[in-house]
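S.K.: Got a file for you: data-v9.txt, compact mmCIF, C-alpha atoms.
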```txt
# COMPACT_ATOMS: atom_id res chain seq x y z
CA MET I 75 -7.02 -78.22 77.63
CA LEU I 76 -3.34 -78.16 78.63
CA ILE I 77 -1.12 -81.21 78.16
CA GLU I 78 2.39 -81.54 79.59
CA LEU I 79 4.94 -83.94 78.08
CA LYS I 80 8.23 -85.02 79.67
CA ILE I 81 11.13 -85.74 77.34
CA SER I 82 14.50 -87.24 78.27
CA THR I 83 17.40 -86.44 76.00
CA LYS I 84 20.59 -88.51 75.98
CA LEU I 85 23.09 -86.42 74.02
CA ARG I 86 24.30 -82.82 74.16
CA GLU I 87 22.59 -82.14 70.84
CA ASP I 88 19.75 -84.19 69.47
CA LEU I 89 16.48 -84.10 67.58
CA ILE I 90 13.95 -86.38 69.29
CA ASP I 91 11.02 -87.53 67.15
CA ILE I 92 7.92 -86.87 69.29
CA THR I 93 5.36 -87.15 66.47
CA ASP I 94 3.54 -90.24 67.78
CA LEU I 95 3.42 -88.92 71.33
CA VAL I 96 2.09 -85.50 70.28
CA LEU I 97 -0.53 -86.93 67.90
CA GLU I 98 -1.72 -89.47 70.47
CA LYS I 99 -2.14 -86.81 73.17
CA ILE I 100 -3.97 -84.38 70.89
CA GLU I 101 -6.22 -87.01 69.34
CA GLN I 102 -7.00 -88.55 72.75
CA SER I 103 -8.11 -85.13 74.02
CA GLY I 104 -11.36 -85.54 72.10
CA ILE I 105 -10.91 -82.34 70.09
CA LYS I 106 -12.67 -82.55 66.71
CA ASN I 107 -11.58 -79.28 65.09
CA GLY I 108 -9.26 -76.52 66.20
CA ILE I 109 -5.59 -75.85 66.78
CA ALA I 110 -2.88 -77.19 69.08
CA VAL I 111 -0.13 -74.82 70.20
CA ILE I 112 3.16 -76.48 71.14
CA PHE I 113 5.40 -74.49 73.50
CA VAL I 114 8.90 -75.37 74.75
CA PRO I 115 9.75 -73.60 78.05
CA HIS I 116 13.54 -73.98 77.74
CA THR I 117 16.19 -71.61 76.35
CA THR I 118 18.56 -74.19 74.82
CA ALA I 119 15.80 -76.25 73.24
CA ALA I 120 13.41 -75.76 70.31
CA ILE I 121 10.67 -77.43 68.27
CA LEU I 122 10.60 -78.08 64.53
CA ILE I 123 8.71 -80.02 61.88
CA ASN I 124 10.65 -81.78 59.13
CA GLU I 125 11.21 -85.13 57.44
CA ASN I 126 11.27 -88.14 59.78
CA SER I 127 11.27 -90.82 57.07
CA ASP I 128 15.01 -90.96 56.30
CA PRO I 129 16.95 -90.49 59.59
CA MET I 130 19.82 -89.03 57.55
CA VAL I 131 17.83 -85.78 57.19
CA LYS I 132 17.92 -85.35 60.97
CA LYS I 133 21.69 -85.92 60.91
CA ASP I 134 22.13 -83.28 58.19
CA ILE I 135 20.03 -80.77 60.13
CA LEU I 136 21.97 -81.34 63.36
CA GLU I 137 25.29 -81.13 61.57
CA TYR I 138 24.33 -77.89 59.83
CA TYR I 139 23.49 -76.18 63.13
CA LYS I 140 26.77 -77.44 64.67
CA ARG I 141 28.78 -76.11 61.74
CA ASN I 142 26.89 -72.84 61.50
CA VAL I 143 26.90 -71.96 65.22
CA PRO I 144 30.22 -73.11 66.69
CA LEU I 145 30.43 -74.49 70.23
CA ASP I 146 33.89 -73.02 70.64
CA TYR I 147 33.94 -69.29 70.11
CA ASP I 148 34.84 -66.27 72.17
CA TYR I 149 31.32 -65.85 73.62
CA TYR I 150 30.42 -63.30 76.34
CA HIS I 151 28.24 -65.77 78.30
CA VAL I 152 30.62 -68.05 80.18
CA GLU I 153 28.47 -71.14 80.75
CA GLY I 154 29.66 -72.78 77.54
CA ASN I 155 26.19 -73.05 76.00
CA SER I 156 25.81 -69.83 73.99
CA ASP I 157 25.73 -71.90 70.80
CA ALA I 158 22.66 -73.70 72.19
CA HIS I 159 20.85 -70.44 72.99
CA ILE I 160 21.54 -69.14 69.47
CA LYS I 161 20.36 -72.37 67.79
CA SER I 162 17.17 -72.14 69.83
CA THR I 163 16.47 -68.64 68.44
CA LEU I 164 17.04 -69.83 64.86
CA ILE I 165 14.51 -72.67 65.11
CA GLY I 166 12.03 -71.22 67.60
CA ASN I 167 10.20 -72.59 70.60
CA SER I 168 6.56 -72.57 69.57
CA LEU I 169 4.53 -73.84 66.66
CA THR I 170 0.87 -74.37 65.89
CA LEU I 171 -0.80 -77.47 64.45
CA ILE I 172 -4.25 -77.66 62.85
CA VAL I 173 -6.74 -80.34 63.92
CA GLU I 174 -9.49 -81.32 61.45
CA ASN I 175 -12.00 -84.16 61.87
CA SER I 176 -10.18 -85.39 65.01
CA LYS I 177 -6.84 -85.68 63.16
CA VAL I 178 -3.75 -83.48 63.23
CA ILE I 179 -2.87 -82.20 59.75
CA LEU I 180 0.68 -83.24 58.87
CA GLY I 181 2.25 -83.82 55.45
CA SER I 182 3.24 -87.38 54.47
CA TRP I 183 6.91 -86.76 55.24
CA GLN I 184 6.50 -84.50 58.25
CA GLY I 185 7.48 -85.42 61.78
CA ILE I 186 7.64 -83.25 64.91
CA PHE I 187 11.07 -83.01 66.55
CA PHE I 188 11.98 -81.77 69.99
CA CYS I 189 15.44 -80.19 69.65
CA GLU I 190 17.93 -80.10 72.53
CA PHE I 191 21.25 -78.33 72.09
CA ASP I 192 22.61 -78.48 75.65
CA GLY I 193 21.63 -81.89 77.00
CA PRO I 194 21.33 -84.47 78.25
CA ARG I 195 18.34 -83.17 80.23
CA ILE I 196 14.79 -83.95 81.27
CA ARG I 197 12.60 -81.44 79.48
CA LYS I 198 8.97 -80.33 79.25
CA VAL I 199 6.77 -79.58 76.27
CA TYR I 200 3.33 -77.97 76.67
CA ILE I 201 0.44 -78.51 74.27
CA LYS I 202 -2.58 -76.23 74.50
CA ILE I 203 -5.69 -77.22 72.59
CA ILE I 204 -8.10 -74.56 71.34
CA PRO I 205 -11.29 -75.89 69.73
CA GLY I 206 -12.77 -73.86 66.89
CA MET O 104 -13.04 -73.08 59.16
CA LEU O 105 -10.27 -74.78 57.14
CA ILE O 106 -9.10 -73.36 53.81
CA GLU O 107 -6.76 -75.17 51.43
CA LEU O 108 -4.67 -73.29 48.86
CA LYS O 109 -2.80 -74.82 45.91
CA ILE O 110 0.45 -73.16 44.84
CA SER O 111 2.51 -73.96 41.75
CA THR O 112 6.18 -73.12 41.90
CA LYS O 113 8.32 -72.80 38.77
CA LEU O 114 11.91 -72.76 40.04
CA ARG O 115 13.98 -74.94 42.36
CA GLU O 116 14.06 -72.11 44.90
CA ASP O 117 11.56 -69.31 45.03
CA LEU O 118 9.55 -67.05 47.27
CA ILE O 119 5.99 -66.76 45.95
CA ASP O 120 4.00 -63.73 47.13
CA ILE O 121 0.64 -65.15 48.31
CA THR O 122 -0.49 -62.08 50.27
CA ASP O 123 -3.53 -61.21 48.12
CA LEU O 124 -4.70 -64.83 47.97
CA VAL O 125 -4.37 -65.35 51.73
CA LEU O 126 -6.08 -62.06 52.64
CA GLU O 127 -8.92 -62.67 50.18
CA LYS O 128 -9.60 -66.16 51.55
CA ILE O 129 -9.51 -65.05 55.18
CA GLU O 130 -11.60 -61.93 54.64
CA GLN O 131 -14.15 -63.85 52.50
CA SER O 132 -14.59 -66.37 55.34
CA GLY O 133 -16.71 -63.82 57.16
CA ILE O 134 -14.53 -63.83 60.31
CA LYS O 135 -14.72 -60.52 62.17
CA ASN O 136 -12.15 -61.02 64.91
CA GLY O 137 -9.77 -63.85 65.71
CA ILE O 138 -6.65 -65.51 64.35
CA ALA O 139 -5.67 -67.37 61.18
CA VAL O 140 -3.05 -70.11 61.46
CA ILE O 141 -1.10 -70.81 58.26
CA PHE O 142 0.46 -74.28 58.00
CA VAL O 143 2.68 -75.68 55.23
CA PRO O 144 2.59 -79.53 55.10
CA HIS O 145 5.88 -79.92 53.17
CA THR O 146 9.44 -80.53 54.38
CA THR O 147 11.34 -78.51 51.77
CA ALA O 148 8.98 -75.53 51.92
CA ALA O 149 8.28 -72.79 54.47
CA ILE O 150 6.26 -69.63 55.08
CA LEU O 151 7.53 -66.17 55.95
CA ILE O 152 6.42 -62.56 56.19
CA ASN O 153 8.70 -59.81 54.89
CA GLU O 154 8.88 -56.86 52.52
CA ASN O 155 7.06 -57.31 49.21
CA SER O 156 7.36 -53.72 48.00
CA ASP O 157 10.85 -53.85 46.46
CA PRO O 158 11.32 -57.28 44.75
CA MET O 159 15.07 -56.94 45.39
CA VAL O 160 14.48 -57.81 49.06
CA LYS O 161 13.13 -61.21 48.01
CA LYS O 162 16.24 -61.73 45.84
CA ASP O 163 18.52 -60.87 48.77
CA ILE O 164 16.66 -63.26 51.07
CA LEU O 165 16.83 -66.13 48.55
CA GLU O 166 20.51 -65.49 47.87
CA TYR O 167 21.36 -65.43 51.57
CA TYR O 168 19.79 -68.85 52.14
CA LYS O 169 21.59 -70.25 49.08
CA ARG O 170 24.93 -68.92 50.29
CA ASN O 171 24.39 -69.93 53.90
CA VAL O 172 23.13 -73.47 53.27
CA PRO O 173 25.04 -74.87 50.29
CA LEU O 174 23.35 -77.19 47.78
CA ASP O 175 26.60 -79.05 47.25
CA TYR O 176 27.97 -80.48 50.46
CA ASP O 177 28.82 -83.92 51.76
CA TYR O 178 25.30 -84.53 53.18
CA TYR O 179 24.18 -87.88 54.68
CA HIS O 180 20.76 -87.79 52.96
CA VAL O 181 21.36 -88.77 49.33
CA GLU O 182 18.35 -87.23 47.59
CA GLY O 183 20.20 -83.98 46.89
CA ASN O 184 17.76 -81.78 48.80
CA SER O 185 19.23 -81.63 52.32
CA ASP O 186 19.84 -77.91 51.83
CA ALA O 187 16.09 -77.47 51.25
CA HIS O 188 15.18 -79.36 54.45
CA ILE O 189 17.61 -77.22 56.45
CA LYS O 190 16.32 -73.94 54.97
CA SER O 191 12.79 -75.04 55.87
CA THR O 192 13.82 -75.47 59.55
CA LEU O 193 15.43 -72.01 59.62
CA ILE O 194 12.29 -70.24 58.37
CA GLY O 195 9.57 -72.47 59.79
CA ASN O 196 6.35 -73.88 58.39
CA SER O 197 3.65 -72.21 60.45
CA LEU O 198 2.72 -68.69 61.40
CA THR O 199 -0.27 -66.95 62.91
CA LEU O 200 -2.06 -63.84 61.68
CA ILE O 201 -4.42 -61.63 63.68
CA VAL O 202 -7.82 -60.62 62.25
CA GLU O 203 -9.46 -57.44 63.60
CA ASN O 204 -12.66 -55.81 62.29
CA SER O 205 -12.74 -58.24 59.33
CA LYS O 206 -9.18 -57.29 58.24
CA VAL O 207 -5.89 -59.15 58.59
CA ILE O 208 -3.33 -57.07 60.49
CA LEU O 209 -0.21 -56.61 58.34
CA GLY O 210 2.39 -53.83 58.40
CA SER O 211 2.55 -51.45 55.41
CA TRP O 212 5.59 -53.22 53.96
CA GLN O 213 4.67 -56.79 54.89
CA GLY O 214 3.78 -59.50 52.41
CA ILE O 215 3.28 -63.24 52.96
CA PHE O 216 5.64 -65.49 51.00
CA PHE O 217 5.38 -69.21 50.35
CA CYS O 218 8.98 -70.49 50.18
CA GLU O 219 9.95 -73.50 48.07
CA PHE O 220 13.53 -74.76 48.16
CA ASP O 221 13.20 -77.98 46.13
CA GLY O 222 10.75 -77.21 43.32
CA PRO O 223 9.21 -76.89 40.89
CA ARG O 224 6.22 -78.51 42.59
CA ILE O 225 2.51 -78.18 43.19
CA ARG O 226 2.10 -77.45 46.90
CA LYS O 227 -0.59 -76.99 49.53
CA VAL O 228 -1.03 -74.37 52.24
CA TYR O 229 -3.68 -74.74 54.96
CA ILE O 230 -5.33 -71.80 56.72
CA LYS O 231 -7.35 -72.45 59.86
CA ILE O 232 -9.54 -69.66 61.18
CA ILE O 233 -10.30 -69.39 64.90
CA PRO O 234 -12.78 -66.67 65.85
CA GLY O 235 -12.26 -64.99 69.22
CA MET E 177 -9.09 -58.83 72.76
CA LEU E 178 -6.40 -56.93 70.84
CA ILE E 179 -3.59 -55.12 72.66
CA GLU E 180 -1.14 -52.73 70.98
CA LEU E 181 2.29 -52.01 72.47
CA LYS E 182 4.65 -49.20 71.46
CA ILE E 183 8.37 -49.86 71.71
CA SER E 184 11.18 -47.34 71.23
CA THR E 185 14.54 -48.70 70.19
CA LYS E 186 17.76 -46.73 70.62
CA LEU E 187 20.33 -48.62 68.54
CA ARG E 188 20.50 -49.94 64.99
CA GLU E 189 20.39 -53.50 66.33
CA ASP E 190 19.02 -54.44 69.71
CA LEU E 191 17.05 -57.00 71.67
CA ILE E 192 14.61 -55.24 74.01
CA ASP E 193 13.32 -57.27 76.93
CA ILE E 194 9.52 -56.79 76.88
CA THR E 195 8.66 -59.70 79.20
CA ASP E 196 7.19 -57.66 82.05
CA LEU E 197 5.17 -55.46 79.70
CA VAL E 198 3.74 -58.43 77.77
CA LEU E 199 2.88 -60.44 80.89
CA GLU E 200 1.27 -57.45 82.58
CA LYS E 201 -0.93 -56.69 79.55
CA ILE E 202 -2.01 -60.31 79.11
CA GLU E 203 -2.66 -60.94 82.78
CA GLN E 204 -4.54 -57.62 83.16
CA SER E 205 -6.84 -58.63 80.30
CA GLY E 206 -8.65 -60.97 82.67
CA ILE E 207 -8.07 -64.07 80.53
CA LYS E 208 -8.01 -67.23 82.66
CA ASN E 209 -7.07 -69.86 80.06
CA GLY E 210 -6.20 -69.64 76.40
CA ILE E 211 -3.46 -68.38 74.11
CA ALA E 212 -1.88 -65.04 73.30
CA VAL E 213 -0.55 -64.48 69.77
CA ILE E 214 2.23 -61.90 69.47
CA PHE E 215 2.64 -60.31 66.04
CA VAL E 216 5.28 -57.80 64.88
CA PRO E 217 4.10 -55.75 61.86
CA HIS E 218 7.60 -54.68 60.72
CA THR E 219 9.98 -56.20 58.17
CA THR E 220 13.30 -55.44 59.90
CA ALA E 221 12.10 -56.53 63.34
CA ALA E 222 11.28 -59.86 64.96
CA ILE E 223 10.22 -61.50 68.22
CA LEU E 224 12.01 -64.25 70.15
CA ILE E 225 12.03 -65.99 73.50
CA ASN E 226 15.36 -66.79 75.17
CA GLU E 227 17.37 -66.31 78.35
CA ASN E 228 17.04 -62.89 80.01
CA SER E 229 18.88 -63.76 83.22
CA ASP E 230 22.47 -63.19 82.09
CA PRO E 231 22.53 -60.17 79.71
CA MET E 232 25.61 -61.70 78.05
CA VAL E 233 23.32 -64.21 76.28
CA LYS E 234 21.58 -61.32 74.50
CA LYS E 235 24.99 -59.96 73.46
CA ASP E 236 26.00 -63.35 72.06
CA ILE E 237 22.75 -63.66 70.12
CA LEU E 238 23.07 -60.17 68.62
CA GLU E 239 26.71 -60.75 67.72
CA TYR E 240 25.93 -64.07 66.04
CA TYR E 241 23.32 -62.48 63.76
CA LYS E 242 25.71 -59.62 62.92
CA ARG E 243 28.49 -62.05 62.03
CA ASN E 244 26.23 -64.46 60.16
CA VAL E 245 24.35 -61.86 58.08
CA PRO E 246 26.80 -59.11 57.14
CA LEU E 247 25.68 -55.49 56.93
CA ASP E 248 28.13 -54.83 54.12
CA TYR E 249 27.56 -57.12 51.18
CA ASP E 250 26.71 -56.69 47.53
CA TYR E 251 22.93 -56.78 48.11
CA TYR E 252 20.35 -56.10 45.36
CA HIS E 253 18.14 -53.93 47.61
CA VAL E 254 19.84 -50.54 47.85
CA GLU E 255 18.43 -49.18 51.11
CA GLY E 256 21.29 -50.63 53.16
CA ASN E 257 19.07 -52.77 55.37
CA SER E 258 18.94 -56.12 53.56
CA ASP E 259 20.78 -57.71 56.48
CA ALA E 260 17.92 -56.61 58.76
CA HIS E 261 15.25 -58.12 56.48
CA ILE E 262 17.16 -61.42 56.38
CA LYS E 263 17.64 -61.53 60.17
CA SER E 264 13.90 -60.94 60.56
CA THR E 265 13.15 -64.03 58.42
CA LEU E 266 15.55 -66.18 60.48
CA ILE E 267 13.90 -65.30 63.80
CA GLY E 268 10.30 -64.77 62.71
CA ASN E 269 7.68 -62.17 63.52
CA SER E 270 4.99 -64.12 65.36
CA LEU E 271 4.87 -66.46 68.32
CA THR E 272 2.18 -67.91 70.55
CA LEU E 273 2.09 -68.03 74.34
CA ILE E 274 -0.10 -70.28 76.50
CA VAL E 275 -2.13 -68.83 79.39
CA GLU E 276 -3.15 -71.16 82.23
CA ASN E 277 -4.87 -70.14 85.48
CA SER E 278 -4.45 -66.45 84.63
CA LYS E 279 -0.66 -66.81 84.18
CA VAL E 280 1.46 -66.92 81.03
CA ILE E 281 3.52 -70.11 80.87
CA LEU E 282 7.22 -69.25 80.58
CA GLY E 283 10.26 -71.27 81.64
CA SER E 284 12.35 -70.00 84.59
CA TRP E 285 15.03 -68.59 82.29
CA GLN E 286 12.79 -67.37 79.47
CA GLY E 287 12.23 -63.76 78.56
CA ILE E 288 10.46 -62.23 75.56
CA PHE E 289 12.61 -60.01 73.36
CA PHE E 290 11.54 -57.55 70.69
CA CYS E 291 14.32 -57.58 68.06
CA GLU E 292 15.13 -54.53 65.93
CA PHE E 293 17.80 -54.79 63.24
CA ASP E 294 17.38 -51.42 61.51
CA GLY E 295 16.68 -48.92 64.26
CA PRO E 296 16.43 -46.70 66.09
CA ARG E 297 12.66 -46.63 65.53
CA ILE E 298 9.32 -46.44 67.27
CA ARG E 299 7.68 -49.83 66.72
CA LYS E 300 4.41 -51.65 67.37
CA VAL E 301 3.70 -55.12 68.74
CA TYR E 302 0.20 -56.62 68.64
CA ILE E 303 -1.07 -59.17 71.16
CA LYS E 304 -4.29 -61.02 70.40
CA ILE E 305 -5.89 -63.02 73.21
CA ILE E 306 -8.00 -66.08 72.43
CA PRO E 307 -9.70 -67.69 75.42
CA GLY E 308 -10.13 -71.45 75.34
```
Before anything else, please render the file you have as structure tokens.

M.R.:
Amino acid sequence: MLIELKISTKLREDLIDITDLVLEKIEQSGIKNGIAVIFVPHTTAAILINENSDPMVKKDILEYYKRNVPLDYDYYHVEGNSDAHIKSTLIGNSLTLIVENSKVILGSWQGIFFCEFDGPRIRKVYIKIIPG
Amino acid sequence: MLIELKISTKLREDLIDITDLVLEKIEQSGIKNGIAVIFVPHTTAAILINENSDPMVKKDILEYYKRNVPLDYDYYHVEGNSDAHIKSTLIGNSLTLIVENSKVILGSWQGIFFCEFDGPRIRKVYIKIIPG
Amino acid sequence: MLIELKISTKLREDLIDITDLVLEKIEQSGIKNGIAVIFVPHTTAAILINENSDPMVKKDILEYYKRNVPLDYDYYHVEGNSDAHIKSTLIGNSLTLIVENSKVILGSWQGIFFCEFDGPRIRKVYIKIIPG
């Protein structure tokens, strides 16, 4: 089964917590056991799993990527978003979740974040469920 | 089939070679062909595949992440482990192996490393096997 | 089904656009719906998805990794390719594509790049197809 999510981002760079939305969609699919592949079809976006309990962690992550991959630099690509493409390659645009007994396995502190580095935009995320 | 591993780390930051353990568990499962998804349910840990022949490579990798993501910095999150959360997002907490003819496909120089950046801790790694 | 690709690289560091080759192999396999796991069995190589429309993006990505992970540094591993091992861990060596209605899902601007950081070499890429 293929699920498509729509996500609106409001800032140039942001981590949007989509944990509840992703878990609801996967668990509503009726899958009991298997995997769920998450795929982001955009080149300035990414997907990551990290702490969503203290929102300061998200701020530290965003700030690190800003500091580490500067917006202003003498890039070859002239659209002004090379930093966003590079950040996307560092984090990656697919990940795989495990489903067991109708529940997605996530650690107590883990949340799923959609990452946009060249927003604001309306974006898609695909979730493909493979029973097994 | 879902397999759960327990891993004890001894240092704040370490790469633990879990290749033999992971291969043994997957190959003992009786799967002939398919994939094995590895998932780490922790926010200061990660999983990577790289050279495990010369242990100096592991030292270089660890040192790079230390240098690139400083422990001491004016972070927003006050628990003193923001560097570990950031390192976890750079490496990632899931990966997928291919199983063919009852063997996991790995290159000659490749080993599987569990990465802890805020230990010592007792940690879990999940392996989900999907035949196909 | 397991597919094996051979890729020749010509430079020490390069991103080779393998989109057409990967899509052709997956779509020729006859799979209608499912996933395709891509796995790189080398420790100085990696696989990423990003923009392949403007070739300047690829140049910016390559230059960032060169700048961020220096070739010349006082590394422990003495083979002179520690930078390549580290770059491989930042990008990762596996990713998963979704197949729907006999087509691989990719965004309009997305291409699949094989990354070599210690070439030139002849390299392998495995693709494992799981229907579902």

S.K.: Hey, list the chain I side of the contact with chain E: 6 Å cut-off, all atoms listed in the file, answer as number ranges by chain.

M.R.: I: 115-117, 150-151, 160, 164, 204

S.K.: Save out the residues we just selected, C-alpha atoms, as an mmCIF file, keeping the file's coordinate frame.

M.R.:
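Written output follows (again-v8.cif):
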```
data_model
loop_
_atom_site.group_PDB
_atom_site.id
_atom_site.type_symbol
_atom_site.label_atom_id
_atom_site.label_comp_id
_atom_site.auth_asym_id
_atom_site.auth_seq_id
_atom_site.Cartn_x
_atom_site.Cartn_y
_atom_site.Cartn_z
ATOM 1 C CA PRO I 115 9.750 -73.600 78.050
ATOM 2 C CA HIS I 116 13.540 -73.980 77.740
ATOM 3 C CA THR I 117 16.190 -71.610 76.350
ATOM 4 C CA TYR I 150 30.420 -63.300 76.340
ATOM 5 C CA HIS I 151 28.240 -65.770 78.300
ATOM 6 C CA ILE I 160 21.540 -69.140 69.470
ATOM 7 C CA LEU I 164 17.040 -69.830 64.860
ATOM 8 C CA ILE I 204 -8.100 -74.560 71.340
#
```

S.K.: Give the superposed chain O as a tab-separated table (two decimals) with C-alpha atoms, in the frame of the given file, the fit being least squares on chain I over all ordered C-alpha pairs.

M.R.:
```tsv
chain	number	residue	atom	x	y	z
O	104	MET	CA	-7.02	-78.20	77.62
O	105	LEU	CA	-3.33	-78.16	78.63
O	106	ILE	CA	-1.12	-81.23	78.17
O	107	GLU	CA	2.38	-81.56	79.58
O	108	LEU	CA	4.93	-83.96	78.08
O	109	LYS	CA	8.23	-85.03	79.66
O	110	ILE	CA	11.14	-85.76	77.33
O	111	SER	CA	14.51	-87.25	78.27
O	112	THR	CA	17.41	-86.45	76.00
O	113	LYS	CA	20.61	-88.51	75.99
O	114	LEU	CA	23.11	-86.42	74.02
O	115	ARG	CA	24.32	-82.83	74.15
O	116	GLU	CA	22.60	-82.15	70.83
O	117	ASP	CA	19.75	-84.19	69.47
O	118	LEU	CA	16.49	-84.10	67.60
O	119	ILE	CA	13.96	-86.39	69.29
O	120	ASP	CA	11.03	-87.54	67.15
O	121	ILE	CA	7.92	-86.88	69.29
O	122	THR	CA	5.36	-87.15	66.48
O	123	ASP	CA	3.53	-90.25	67.78
O	124	LEU	CA	3.40	-88.91	71.34
O	125	VAL	CA	2.09	-85.50	70.28
O	126	LEU	CA	-0.54	-86.91	67.90
O	127	GLU	CA	-1.72	-89.46	70.47
O	128	LYS	CA	-2.15	-86.81	73.17
O	129	ILE	CA	-3.98	-84.38	70.89
O	130	GLU	CA	-6.23	-87.01	69.33
O	131	GLN	CA	-7.02	-88.55	72.76
O	132	SER	CA	-8.12	-85.12	74.02
O	133	GLY	CA	-11.35	-85.55	72.10
O	134	ILE	CA	-10.91	-82.33	70.07
O	135	LYS	CA	-12.67	-82.52	66.71
O	136	ASN	CA	-11.59	-79.28	65.08
O	137	GLY	CA	-9.27	-76.50	66.18
O	138	ILE	CA	-5.59	-75.84	66.78
O	139	ALA	CA	-2.88	-77.20	69.08
O	140	VAL	CA	-0.14	-74.82	70.19
O	141	ILE	CA	3.16	-76.48	71.14
O	142	PHE	CA	5.40	-74.50	73.49
O	143	VAL	CA	8.89	-75.38	74.76
O	144	PRO	CA	9.74	-73.59	78.06
O	145	HIS	CA	13.54	-73.98	77.73
O	146	THR	CA	16.20	-71.63	76.34
O	147	THR	CA	18.57	-74.19	74.82
O	148	ALA	CA	15.79	-76.26	73.24
O	149	ALA	CA	13.41	-75.77	70.31
O	150	ILE	CA	10.68	-77.45	68.28
O	151	LEU	CA	10.60	-78.09	64.55
O	152	ILE	CA	8.72	-80.03	61.89
O	153	ASN	CA	10.65	-81.78	59.13
O	154	GLU	CA	11.22	-85.12	57.44
O	155	ASN	CA	11.27	-88.13	59.77
O	156	SER	CA	11.27	-90.82	57.08
O	157	ASP	CA	15.00	-90.96	56.31
O	158	PRO	CA	16.96	-90.50	59.61
O	159	MET	CA	19.82	-89.02	57.55
O	160	VAL	CA	17.84	-85.78	57.19
O	161	LYS	CA	17.92	-85.34	60.97
O	162	LYS	CA	21.70	-85.92	60.91
O	163	ASP	CA	22.14	-83.28	58.20
O	164	ILE	CA	20.03	-80.77	60.13
O	165	LEU	CA	21.97	-81.34	63.37
O	166	GLU	CA	25.30	-81.11	61.57
O	167	TYR	CA	24.33	-77.88	59.83
O	168	TYR	CA	23.49	-76.18	63.13
O	169	LYS	CA	26.75	-77.42	64.67
O	170	ARG	CA	28.78	-76.10	61.75
O	171	ASN	CA	26.89	-72.83	61.50
O	172	VAL	CA	26.90	-71.95	65.21
O	173	PRO	CA	30.21	-73.10	66.68
O	174	LEU	CA	30.43	-74.49	70.22
O	175	ASP	CA	33.89	-73.02	70.63
O	176	TYR	CA	33.93	-69.28	70.11
O	177	ASP	CA	34.84	-66.26	72.16
O	178	TYR	CA	31.30	-65.85	73.61
O	179	TYR	CA	30.41	-63.30	76.33
O	180	HIS	CA	28.23	-65.76	78.28
O	181	VAL	CA	30.62	-68.05	80.17
O	182	GLU	CA	28.47	-71.13	80.75
O	183	GLY	CA	29.65	-72.77	77.52
O	184	ASN	CA	26.18	-73.05	75.99
O	185	SER	CA	25.81	-69.82	73.99
O	186	ASP	CA	25.72	-71.89	70.80
O	187	ALA	CA	22.66	-73.71	72.18
O	188	HIS	CA	20.84	-70.43	72.98
O	189	ILE	CA	21.54	-69.15	69.47
O	190	LYS	CA	20.36	-72.37	67.79
O	191	SER	CA	17.16	-72.15	69.83
O	192	THR	CA	16.47	-68.64	68.44
O	193	LEU	CA	17.04	-69.82	64.86
O	194	ILE	CA	14.51	-72.67	65.12
O	195	GLY	CA	12.02	-71.21	67.59
O	196	ASN	CA	10.21	-72.61	70.60
O	197	SER	CA	6.57	-72.58	69.56
O	198	LEU	CA	4.54	-73.84	66.66
O	199	THR	CA	0.88	-74.38	65.88
O	200	LEU	CA	-0.80	-77.47	64.46
O	201	ILE	CA	-4.24	-77.66	62.86
O	202	VAL	CA	-6.74	-80.34	63.93
O	203	GLU	CA	-9.49	-81.32	61.45
O	204	ASN	CA	-12.01	-84.16	61.88
O	205	SER	CA	-10.18	-85.38	65.02
O	206	LYS	CA	-6.84	-85.67	63.15
O	207	VAL	CA	-3.74	-83.47	63.23
O	208	ILE	CA	-2.88	-82.20	59.75
O	209	LEU	CA	0.69	-83.24	58.86
O	210	GLY	CA	2.27	-83.80	55.45
O	211	SER	CA	3.24	-87.37	54.47
O	212	TRP	CA	6.91	-86.75	55.23
O	213	GLN	CA	6.50	-84.49	58.26
O	214	GLY	CA	7.48	-85.42	61.79
O	215	ILE	CA	7.64	-83.26	64.92
O	216	PHE	CA	11.07	-83.02	66.55
O	217	PHE	CA	11.98	-81.77	70.00
O	218	CYS	CA	15.45	-80.19	69.65
O	219	GLU	CA	17.93	-80.11	72.54
O	220	PHE	CA	21.25	-78.34	72.09
O	221	ASP	CA	22.62	-78.48	75.65
O	222	GLY	CA	21.62	-81.88	77.03
O	223	PRO	CA	21.33	-84.48	78.28
O	224	ARG	CA	18.34	-83.19	80.25
O	225	ILE	CA	14.80	-83.97	81.28
O	226	ARG	CA	12.59	-81.45	79.49
O	227	LYS	CA	8.97	-80.34	79.26
O	228	VAL	CA	6.77	-79.58	76.27
O	229	TYR	CA	3.33	-77.98	76.68
O	230	ILE	CA	0.44	-78.51	74.26
O	231	LYS	CA	-2.58	-76.24	74.50
O	232	ILE	CA	-5.70	-77.21	72.59
O	233	ILE	CA	-8.11	-74.55	71.33
O	234	PRO	CA	-11.29	-75.88	69.73
O	235	GLY	CA	-12.76	-73.82	66.89
```

S.K.: Compare I:Asp148, I:Glu87, I:Asp94, I:Glu101 by their minimum atom-to-atom distance to Ile203 (chain I), counting only C-alpha atoms, and give me the closest one.

M.R.: I:Glu101

S.K.: Grab the CA of Ala110 (chain I) to CA of Lys202 (chain I) distance for me, in Å with one decimal place.

M.R.: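 Separating CA of Ala110 (chain I) from CA of Lys202 (chain I) is a distance of 5.5 Å.
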
S.K.: Quick one: everything within 7 Å of Leu191 (chain E), counting only C-alpha atoms, minus sequence neighbours fewer than 6 positions away in the same chain. Send it as a PyMOL selection string.

M.R.: chain E and resi 234+289-292

S.K.: Would you kindly identify which residues have an atom no farther than 7 Å from (1.7, -55.2, 66.9), using all atoms listed in the file and the file's own coordinates, and write them out as a PyMOL selection string?

M.R.: chain E and resi 180-181+215-217+300-303
